[in-house]
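*Asks:* Below: one structure in structure tokens.
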Amino acid sequence: MMRLSSMLVRNTKLCVNVNQMQVAAFSSKAPEMIKVEKVGQKQNVALIKLNRPKALNALCAQLMTELADALHTLDTDKSVGAIVITGSERAFAAGADIKEMTNNEFASTFSGSFLSNWTAVSDVKKPVIAAVNGFALGGGNELAMMCDIIYAGEKARFGQPEINIGTIPGAGGTQRWARAAGKSFAMEVCLTGNHVSAQEAKEHGIVSKIYPADQVVGEAVKLGEKIAEQSPLIVQMAKEAVNKAYELTLQEGLHFERRLFHTTFATKDRKVIY
Ligand SMILES: C=C(C)C(=O)SCCNC(=O)CCNC(=O)[C@H](O)C(C)(C)COP(=O)(O)OP(=O)(O)OC[C@H]1O[C@@H](n2cnc3c(N)ncnc32)[C@H](O)[C@@H]1OP(=O)(O)O
């Protein structure tokens, strides 16, 4: 099936109508809805700031295309050891762009595989840390959960409010909540649309640490710096091994881990002596 991203025409700012679905096509060279910079003492952490403040960083096609392009570029940039994604203090992201979805119909959504291009975020091989302040709702919450680690500000609000607009999570919400927080809490989140506080999200394993709002990004960058000090090859293996815990049976996962562990002995990185 043709992916949404492959339908995008690069280096143009035209909006085109494909199978009744509004698809925006934008330049990958000059992002307008995200800001990307290299930060940290060694400039080895990439900081991506979602930057669509008037719409609370709603994840429209342009923003997601720019984000996917940036992640792809950073994933192959050897000077970058970790990536931090953040929003503003008011909103990490308030979800997929509801206005853009207004005229979507079943046929175009289904045949165009709406939202399938969002997997670009979880395809990144380097560690990705979400630094979440404010609203992380719907697709915004799903975007955070696609990242490897979530640091949250004290007033962060997570949730899947899709039920309030007559739909369900479409970018992993039902699956990732259930795997992280268990069936009961996942059901509550997805069936009510209730917001979840940072503290609750931490209790349920979604968030690893909570900081005052103005410290979250700095702490996430420090974490990125610490990871970036490690061997990139071994970090990639460790990330892949942990992610397999979501895909495989315990026996398969243990076998996969053991084999990757054996593989580390074939690397120069393993020969570091302390
Ligand atoms: C993957 C899927 C299917 C999805 O993600 S579906 C979308 C799931 N997300 C949601 O349902 C959240 C929708 N947003 C809200 O509930 C409220 O905006 C919040 C987040 C609670 C914030 O409320 P408030 O602080 O009162 O701010 P509010 O005035 O509503 O929003 C500010 C602006 O952002 C816009 N906005 C907020 N969320 C948006 C979204 N998901 N899509 C498009 N625009 C959005 C909103 O329309 C408003 O724009 P304008 O001033 O032009 O009217």
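Lettering and numbering for the structure tokens are positional, with chains as A, B, ... in the shown order, residues counted from 1 in each chain, and ligands counted from 1 in the shown order.
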With only C-alpha atoms and all ligand atoms counted, collect every polymer residue having an atom within 7 Å of ligand 1; state the result as a PyMOL selection string.

*Replies:* chain A and resi 54-56+58+94-99+135+137-140+160-162+164-165+167-171

*Asks:* Determine, using only C-alpha atoms, which residues of segment 89-154 of chain A have any atom at most 7 Å from an atom of segment 206-224 of chain A, and tabulate each with its shortest atom pair and distance in Å to one decimal place, rows ordered by chain and then rising number, as JSON lines.

*Replies:*
```
{"residue": "A:Glu89", "atom": "CA", "partner": "A:Ala213", "partner_atom": "CA", "distance": 6.8}
{"residue": "A:Ile129", "atom": "CA", "partner": "A:Ala220", "partner_atom": "CA", "distance": 6.7}
{"residue": "A:Ala131", "atom": "CA", "partner": "A:Val217", "partner_atom": "CA", "distance": 5.5}
{"residue": "A:Asn133", "atom": "CA", "partner": "A:Ala213", "partner_atom": "CA", "distance": 6.3}
{"residue": "A:Ile149", "atom": "CA", "partner": "A:Ser208", "partner_atom": "CA", "distance": 6.8}
{"residue": "A:Ile150", "atom": "CA", "partner": "A:Val207", "partner_atom": "CA", "distance": 4.9}
{"residue": "A:Tyr151", "atom": "CA", "partner": "A:Lys209", "partner_atom": "CA", "distance": 5.1}
{"residue": "A:Ala152", "atom": "CA", "partner": "A:Ile210", "partner_atom": "CA", "distance": 4.8}
{"residue": "A:Gly153", "atom": "CA", "partner": "A:Ala213", "partner_atom": "CA", "distance": 4.3}
{"residue": "A:Glu154", "atom": "CA", "partner": "A:Pro212", "partner_atom": "CA", "distance": 5.4}
```

*Asks:* Go ahead and write the residues just picked, C-alpha atoms, as a PDB file, in the first residue's frame.

*Replies:*
```
ATOM      1  CA  GLU A  89       5.255  24.708  28.667  1.00  0.00           C
ATOM      2  CA  ILE A 129      13.532  11.189  24.927  1.00  0.00           C
ATOM      3  CA  ALA A 131      10.345  16.107  27.541  1.00  0.00           C
ATOM      4  CA  ASN A 133       5.105  19.841  29.652  1.00  0.00           C
ATOM      5  CA  ILE A 149      11.916   7.618  27.734  1.00  0.00           C
ATOM      6  CA  ILE A 150       9.448  10.234  28.988  1.00  0.00           C
ATOM      7  CA  TYR A 151      10.416  12.986  31.431  1.00  0.00           C
ATOM      8  CA  ALA A 152       7.428  15.070  32.526  1.00  0.00           C
ATOM      9  CA  GLY A 153       6.839  18.470  34.039  1.00  0.00           C
ATOM     10  CA  GLU A 154       4.790  18.594  37.245  1.00  0.00           C
TER      11      GLU A 154
END
```

*Asks:* Pick out the residues sitting within 10 Å of segment 145-148 of chain A, and hand them over as a VMD selection string; count only C-alpha atoms, and ignore anything fewer than 6 positions along from it in its own chain.

*Replies:* chain A and resid 83 to 85 118 to 124 126 to 131 136 139 171 to 173 176 to 177 180 206 to 207 239 242 to 243

*Asks:* Closest to Ala198 of chain A among A:Gly112, A:Gly159, A:Pro232, A:Gly253, using only C-alpha atoms?

*Replies:*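 Ranking A:Gly112, A:Gly159, A:Pro232, A:Gly253 by distance to Ala198 of chain A, first place goes to A:Gly159.
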
*Asks:* When you count only C-alpha atoms, which of these residues is closest to Gly40 of chain A: A:Gln251, A:Ala201, A:Ser79, A:Leu260?

*Replies:* A:Ser79

*Asks:* Check the smallest atom-to-atom distance from each of A:Arg258, A:Thr264, A:Glu247, A:Ser108 to Ile234 of chain A using only C-alpha atoms, then report the winner.

*Replies:*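 Answer, going by the shortest atom-to-atom distance: A:Thr264.
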